[in-house]
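First comes the structure, then the notes that go with it.
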Amino acid sequence: MKRAGMHFPPLRGLAPLLAGLATWQFLSSGPAPNFPPPAAWWRTVAQLASNGQLAPAVMETLWTFALGLALAASFGFVAGLAIGTVRAVRRWSALLLEYFRALPPPVIVPVAVLMLGYAPSMKVFVIVFASVWPVLLNVVSSVSRVGGGLVDMGRSLRLTRGEVLFKLLIPAVVPGLLLGIRVATPLAMVITLLIEMLTAMPGLGGLLIAGQRNFNSAQVFGMLVVVGLLGLAVNLLVNVAEAIVLRRWPPRGLAPE
Amino acid sequence: MNDRGLVQGAGGLAAFLLLWEAVVRSGSATFDYLPAPSAILAALGRLAAGGAFWGEIGHTLLATLLGWAIAVLIGVVAGLALGLSPWLRRYSLASIEALRPLPGVAFAPVGLLAFGFSLQMELAVIVLPTLWPVLVNTMGGISALSPRLGEVARSFRLGRFEATMKVYAPAAAASVLVGLRLSMSLAVVMAVIAEMVGNPQGLGYAVVREQQALRPAEMFGYVFVIGLIGILMNWALMAFARRALPGEFGRPLAMDAGVR
């Protein structure tokens with residue numbers, strides 16, 4: 001099984017990016033209202049950091065994101081196991097789940113704002129609702145692919161229901177769960193930022209949109225870099241966590257590809 | 001999904017809608033702004049009778065398809081180049097990996113600064129994140145091909161261009177198609193986001209507008225339409241692909257729409 005992104009490619013590949021930024025910096029002479037040079041981005045971010053706006057925003061965004069993703073992963077896992085093991089439930093809910101998965105997640109934000117108002121719990125609810133589907137559907141599909149055979153095997157070994165669940169089913173579903181979480185991670189991040197942008201609630205998304213509203217383009221580009229670094233860090237973290245979990249529960253022959 | 005599965009799935013959907021209707025009618029819903037499905041249907045009827053609705057659908061479809069087409073063009077060409085040249089990969093892959101996790105929403109303020117409230121702004125927000133799935137899958141599809149294919153192309157004395165068009169590109173088509181699908185659903189998402197945050201046109205803006213006007217039935221109507229567009233576009237792409245590349249289909253797509 002090949003996992004993309006496990007190893008970061010050779011660092012000399014960063015050359016075009018750095019060259020581009022350097023060219024930008026040296027070619028921009030005089031004030032550029034919409035495309036400020038990278039040095040100006042740095043100054044704005046440093047300023048936001050020193051006046052104490054940056055750190056709370058990063059914490060707020062990360063906390064909301066992590067809470068939402070954790071809830072989505074746990075809920076998706078449990079519901080996916082339940083739906084996947086009971087064949088009738090799986091069939092009857094198939095179309096409904098397909099629709100929820102196909103629904104572009106950002107449209108949930110206005111719906112939740114209208115129904116729940118501007119509360120921190122609204123943010124978390126929206127993130128969970130948007131990012132639960134990849135986890136749930138991947139768990140359902142891995143249960144339904146491995147489930148029947150494993151349950152029969154457990155029965156012929158005279159295992160109790162609990163043993164079948166914890167010793168056979170759950171370990172077999174772990175790779176599917178991880179795949180779901182991998183897909184849900186960037187989704188949860190996007191939704192977190194989007195809510196903050198749409199509702200101007202505290203967080204990195206709020207700082208981004210504030211920069212745009214005040215025509216402070218250096219802040220917009222600076223925050224873009226901050227958000228990019230955050231995305232990169234979260235990605236690496238998920239990769240490391242996945243590697244650790246897969247070492248403990250390696251994918252088996254029966255697991256989905 | 002077979003016929004029986006489809007009937008059961010439709011039954012589940014109907015049961016869900018009936019339960020929703022019953023909850024709202026009985027007044028036991030705890031939300032102030034939860035419309036019944038029948039009210040949403042009525043709102044959709046009103047919207048369809050008015051003129052703006054179809055224009056909004058057209059606008060979102062145009063932005064999505066145009067942005068997707070641009071992203072596919074850039075992604076396939078760049079992916080082919082990167083896939084064929086190990087040198088190019090060595091000296092740019094890390095840049096791509098560094099830019100790829102950038103959440104697409106974050107481009108919206110940049111697009112607004114550069115283009116104001118316009119279709120170009122929407123296209124910028126759609127193209128930048130939508131590019132990656134196409135590029136990465138094209139590149140991966142090419143670089144995973146057997147070196148034998150290169151030998152075949154050489155023994156037929158194909159030129160570089162011919163070899164690319166006749167040998168490499170068709171062999172990588174299945175992998176490219178995965179990229180096309182992922183980026184198609186991403187393009188819908190990004191178009192909606194661009195309209196919600198930036199350009200006040202199209203379906204994305206309509207949802208926000210109805211929310212701010214406290215018209216939940218209309219809002220849910222638009223939400224329903226956006227979901228339907230996502231499904232129909234994916235279905236159309238699959239129908240096209242089944243014709244263009246027979247034999248490559250029916251495989252489940254393990255990766256879900258990876259939104260960034």
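Ordering of the structure tokens sets the chain letters (A, B, ...); residue numbers start at 1 within each chain; ligands are numbered from 1 in the order shown.
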Practice prompt. Fewer than 3 positions away in the same chain doesn't count, so skip those; otherwise give me all residues within 10 Å of Ile170 (chain A), counting only C-alpha atoms, as number ranges by chain.
Written response: A: 77, 81, 139, 143, 147, 164-167, 173-175, 177, 249
Worksheet item: Contacts of Leu84 (chain B) at 10 Å or less, counting only C-alpha atoms, minus same-chain residues fewer than 3 places along, as a list in words?
Response: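 Final neighbour list, sorted by chain and number: Ala78, Gly79, Leu80, Ala81, Trp87, Leu88, Arg89, Met139, Ile142, Ser143, Thr164 and Tyr168 of chain B.
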Worksheet entry | Nearest to chain A by atom-to-atom distance, counting only C-alpha atoms, from B:Val167, B:Val192, B:Leu177, B:Ile57 |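 Residue with the minimum atom-to-atom distance to chain A: B:Val192.
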Practice prompt. Output the contact residues of chain B with respect to chain A at a cut-off of 7 Å, based on only C-alpha atoms, as a ChimeraX atom specification.
Written response: /B:5,8-13,31-33,90-95,98,101-103,105-106,109-110,113-114,189,193,197,207-208,211,223,226-227,230-231,256,258-260
Saved selection, atoms kept: C-alpha atoms, as a PDB file, in the first residue's frame:
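Dumped everything to out.pdb:
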ATOM      1  CA  GLY B   5     -31.158  -1.391  -3.472  1.00  0.00           C
ATOM      2  CA  GLN B   8     -34.875   0.578  -0.534  1.00  0.00           C
ATOM      3  CA  GLY B   9     -32.670   3.641  -0.726  1.00  0.00           C
ATOM      4  CA  ALA B  10     -35.590   5.688  -2.036  1.00  0.00           C
ATOM      5  CA  GLY B  11     -37.730   4.268   0.744  1.00  0.00           C
ATOM      6  CA  GLY B  12     -35.201   5.392   3.318  1.00  0.00           C
ATOM      7  CA  LEU B  13     -35.145   8.853   1.791  1.00  0.00           C
ATOM      8  CA  PHE B  31     -35.491  25.075  16.101  1.00  0.00           C
ATOM      9  CA  ASP B  32     -37.315  28.265  15.221  1.00  0.00           C
ATOM     10  CA  TYR B  33     -36.344  28.205  11.580  1.00  0.00           C
ATOM     11  CA  ARG B  90      13.122  16.704  -8.280  1.00  0.00           C
ATOM     12  CA  TYR B  91      13.223  20.459  -8.550  1.00  0.00           C
ATOM     13  CA  SER B  92       9.577  21.297  -7.961  1.00  0.00           C
ATOM     14  CA  LEU B  93       7.781  18.520  -6.087  1.00  0.00           C
ATOM     15  CA  ALA B  94       8.552  20.006  -2.679  1.00  0.00           C
ATOM     16  CA  SER B  95       7.104  23.362  -3.807  1.00  0.00           C
ATOM     17  CA  ALA B  98       4.181  22.948   0.313  1.00  0.00           C
ATOM     18  CA  PRO B 101      -2.327  21.876   1.818  1.00  0.00           C
ATOM     19  CA  LEU B 102      -3.246  25.581   1.556  1.00  0.00           C
ATOM     20  CA  PRO B 103      -6.964  25.623   2.336  1.00  0.00           C
ATOM     21  CA  VAL B 105     -11.039  29.248   1.221  1.00  0.00           C
ATOM     22  CA  ALA B 106      -7.986  31.305   2.080  1.00  0.00           C
ATOM     23  CA  PRO B 109      -9.743  37.300   0.141  1.00  0.00           C
ATOM     24  CA  VAL B 110      -6.746  37.287  -2.246  1.00  0.00           C
ATOM     25  CA  LEU B 113      -8.233  42.007  -3.571  1.00  0.00           C
ATOM     26  CA  ALA B 114      -7.023  41.224  -7.051  1.00  0.00           C
ATOM     27  CA  VAL B 189     -17.618  23.500  -3.538  1.00  0.00           C
ATOM     28  CA  ILE B 193     -17.591  29.343  -1.349  1.00  0.00           C
ATOM     29  CA  VAL B 197     -17.631  35.058   0.645  1.00  0.00           C
ATOM     30  CA  VAL B 207     -28.207  30.733   0.223  1.00  0.00           C
ATOM     31  CA  VAL B 208     -26.538  33.458   2.305  1.00  0.00           C
ATOM     32  CA  GLN B 211     -30.460  33.158   5.435  1.00  0.00           C
ATOM     33  CA  VAL B 223     -29.322  24.077  -0.545  1.00  0.00           C
ATOM     34  CA  ILE B 226     -26.803  22.876  -4.919  1.00  0.00           C
ATOM     35  CA  GLY B 227     -26.660  19.258  -3.727  1.00  0.00           C
ATOM     36  CA  GLY B 230     -23.123  18.242  -7.375  1.00  0.00           C
ATOM     37  CA  ILE B 231     -24.694  14.842  -7.967  1.00  0.00           C
ATOM     38  CA  ASP B 256     -13.648  10.794  -1.304  1.00  0.00           C
ATOM     39  CA  GLY B 258     -10.765  15.775  -0.802  1.00  0.00           C
ATOM     40  CA  VAL B 259     -11.730  19.338  -0.150  1.00  0.00           C
ATOM     41  CA  ARG B 260      -8.992  21.812   0.518  1.00  0.00           C
TER      42      ARG B 260
END
Worksheet entry | Long-range neighbours of Gln53 (chain A) as a VMD selection string, 12 Å cut-off, only C-alpha atoms, 3 positions minimum in chain | chain A and resid 44 to 50 56 to 60 202 to 204 206 to 207 223
